[in-house]
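Notes for the one structure printed next.
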Amino acid sequence: MLKGPRWLRDAVLYQVYPQSFKDSNGDGIGDLPGITASLDYLEWLGVNVIWISPCFVSPFQDAGYDIADHYKVASRYGTNADLQRLIRAAHSRDMRVCLDLVPGHTSIEHPWFKASCRHKRNQYSDRYVWTDSGWKQAPNLDSIRGYSERNGAYIANFLYCQPAPNYGFAKPDPKHPWQQPVSAPGPMATRQELRRLMDFWLKRGIDGFRVDMASSLVKNDPDARQTSRLWREIRAWLDTQHPEAVLISEWGDPVRSLSAGFHIDYPLLGNRYYMSLLRAEPRRVLVVPPLGHSFFDRCGRGNIREFLDEYLRLLRATRGRGHISLPSSNHDMVRVSCDRNVADLKVIYTMLLTMPGVPFIYQGDEIGMRHLRNLPSKEGSLDRTGCRTPMQWDRSRNAGFSSAPARKLYLPCDPNANRPTVADQMSDPHSLLQHIRNLIALRRRVPALQADGEFRPLYARANALPFVYARILGKDRFVVALNPSAAPAAAVFPFSPGGTVETVMASGAQLDLKTGRAKIAMKGVSYGVFAVTRPAGGGKSADSSAAARPACS
Ligand code: GLC
Ligand code: CA
């Protein structure tokens, strides 16, 4: 599979969590007209793709990831016409809109599921995975017994209220005749419906989908072979019918997902290489066990190799086939700001926005919104509530999130008087928001820093700082240096050919080139992005010169 549309090259994606982004009508819940009204802000920030978490009809038992009508916008967010207005408004600014696609489960309120619960057989009986007796659990899968007049247990894909549509079993167990092969009529009808649904929204102008739990469709599917086959089929159809559209998987295994046809994959909580970068300490993780020290921590005890060795392996294994994204956070994680200050975050974003792939920024991360602790579960959030609080637009009591009184807000705002706000940071040239805006502008100006530019570590040692890498495209060379630790750090490493250094964005970092080597000196918690122009008339291209590769692992 090819890498997909050209527009991905300079894409910077912004995730909108609609219920807590921007409220336009004062009911305390964000909505689509609110997103449309915020396009000025997003355009000012420089992001050019938005992914909107599910905005469809739902009983909101998993915050909308439990869909009850895939073809209709939830009334609390507006109407299908509002969504079309948003798409048109975004397109008129050269921005793209991706929706969330949730193929692995629906809501228990979905009419298809309700029909499949009936005792009497009907066209939906085989559209969900059911055992053939209410006494029987499904081996190795979560099953819910006693829910319906139908004598069987249904498979839940995530929470109990999210039954799994039937895509069949890769290896149906003959001892369990209720396990249908992928080619059975029920699973085939489910596939058809998936395509119909994608087509419906693509024809209404959307630019792609972020696909929820993309690997979860076919059951008992070792190595996700049948699930991958299904997605490859979808991708082949997409390439002929909607070639500009992209598929972003929530899979966490780019080697599989990109060869299954996805254009972009991103790591999950269980991906240790990603967690080791930003979320290794107990306070920074949910669900998974802590790993020790994050690379990005002032204590300076993290180890960049824990990230880099696996990341380089994945980059090599997927070269030319798609992109690996590194999200700042999302609606399922502890926010990246946890136990970090603005200076720390500036170093982090310097990396996230100068790496290959497509950067993902989660709403509110660009202003350093805090992760709130000890909030009750809301709409099935479990302990993910703290990263889902209302966007802090200004300093009013309700954070400008809505004109509703605070008690009506979807979730409480950060009560801290010094909370970061968009308004404050837009007018402060030293704010995190401005730093991120500058980085995005730089990335969008410089192809070497974009999705396809080469990535080459220059100084990346276990238990040593700083971390230095190059981004290269054609004759353009950029060097990025990061020191997350409170202590100063310095390094000398081979670098050839030399050239002239121009400091593009830096705080407390200096790069000097001598013949054949580079010297970087960094203060505590510092970053630098440098452009290196080749010496006039001399030196081979950095791409072709073997001498330019010595520190590359
Ligand atoms: C994904 C979503 C998460 C949701 C789950 C079930 O992981 O990101 O929010 O709860 O899938 O749909
Ligand atoms: Ca509203």
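FYI, nothing fancy with the structure tokens labels: chains A, B, ... in order, residues from 1 per chain, ligands from 1 as they appear.
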Practice prompt. Taking only C-alpha atoms and all ligand atoms into account, report as a PyMOL selection string which residues have an atom no farther than 10 Å from an atom of ligand 2.
Written response: chain A and resi 18-34+75-78+401-404+409-410
Discussion item. List as a ChimeraX atom specification the protein and nucleic acid residues near A:Phe530, meaning an atom at most 10 Å away when only C-alpha atoms are counted, but skip any in the same chain fewer than 2 places from it.
Written reply: /A:470,477-481,500-506,509-511,528,532-533
Counting only C-alpha atoms and all ligand atoms, which residues of chain A sit at most 9 Å from some atom of ligand 1, and what is each one's closest atom pair with its distance in Å to one decimal, listed by chain and rising residue number, as CSV?
residue,atom,partner,partner_atom_place_in_ligand_line,distance
A:Ser53,CA,ligand 1,8 (O),8.2
A:Asp62,CA,ligand 1,10 (O),5.7
A:Ala63,CA,ligand 1,10 (O),7.4
A:Gly64,CA,ligand 1,12 (O),8.2
A:Tyr65,CA,ligand 1,12 (O),4.6
A:Asp66,CA,ligand 1,12 (O),6.7
A:Val102,CA,ligand 1,12 (O),6.7
A:Gly104,CA,ligand 1,12 (O),7.8
A:His105,CA,ligand 1,12 (O),7.3
A:Thr106,CA,ligand 1,12 (O),8.8
A:Asn157,CA,ligand 1,6 (C),7.6
A:Phe158,CA,ligand 1,6 (C),5.5
A:Leu159,CA,ligand 1,6 (C),7.3
A:Gln162,CA,ligand 1,12 (O),7.8
A:Val211,CA,ligand 1,1 (C),8.8
A:Asp212,CA,ligand 1,1 (C),5.3
A:Met213,CA,ligand 1,11 (O),5.6
A:Glu250,CA,ligand 1,7 (O),7.2
A:Leu268,CA,ligand 1,7 (O),8.4
A:Asn330,CA,ligand 1,8 (O),7.8
A:His331,CA,ligand 1,9 (O),6.3
A:Asp332,CA,ligand 1,9 (O),5.6
A:Gly380,CA,ligand 1,10 (O),7.6
A:Ser381,CA,ligand 1,10 (O),7.1
A:Arg384,CA,ligand 1,9 (O),8.5
Worksheet entry | Per-residue DSSP, stretch 61-135 of chain A, filtered to helix (DSSP H, G or I), as JSON, numbers by chain | {"A": [80, 81, 82, 83, 84, 85, 86, 87, 88, 89, 90, 91, 111, 112, 113, 114, 115, 116]}
Worksheet entry | Nearest to A:Trp393, chosen from A:Pro412, A:Val422, A:Pro405, A:Leu286, with only C-alpha atoms counted in the distances | A:Val422
Item to complete: Find the spatial neighbours of A:Val492, counting only C-alpha atoms, within a cut-off of 9 Å - ignore same-chain residues fewer than 6 positions away - and output them as a ChimeraX atom specification.
Response: /A:459,517-521
Practice prompt. Within 6 Å of A:Ser125, counting only C-alpha atoms, which residues show up once you throw out same-chain ones fewer than 3 positions away? Write them as a list in words, please.
Written response: Ser116, Arg121 and Asn122 of chain A
Worksheet item: Looking only at the backbone, which of the residues in stretch 304-385 of chain A does DSSP tag as strand (DSSP E), as a list in words?
Response: His323, Ile324, Phe360, Ile361 and Tyr362 of chain A
Just write the chosen residues, N, CA and C atoms, as a compact mmCIF listing (two decimals), in the first residue's frame.
# COMPACT_ATOMS: atom_id res chain seq x y z
N HIS A 323 2.47 6.24 8.12
CA HIS A 323 3.07 7.09 9.15
C HIS A 323 2.80 6.58 10.56
N ILE A 324 3.79 6.82 11.43
CA ILE A 324 3.60 6.53 12.85
C ILE A 324 3.47 7.87 13.55
N PHE A 360 0.00 14.62 16.46
CA PHE A 360 -1.37 14.73 16.98
C PHE A 360 -1.35 15.59 18.24
N ILE A 361 -2.13 16.65 18.25
CA ILE A 361 -2.26 17.45 19.48
C ILE A 361 -3.67 17.27 20.00
N TYR A 362 -3.77 16.92 21.26
CA TYR A 362 -5.09 16.75 21.88
C TYR A 362 -5.55 18.09 22.42
Worksheet entry | Residue neighbourhood A:Arg395, 12 Å, only C-alpha atoms, exclusion window fewer than 2 positions, as a list in words |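 Non-adjacent residues within range: Met391, Gln392, Trp393, Arg397, Asn398, Ala399, Gly400, Phe401, Cys413, Asp414, Pro415, Asn416, Ala417, Asn418, Arg419, Pro420, Thr421, Val422, Ala423, Asp424 and Gln425 of chain A.
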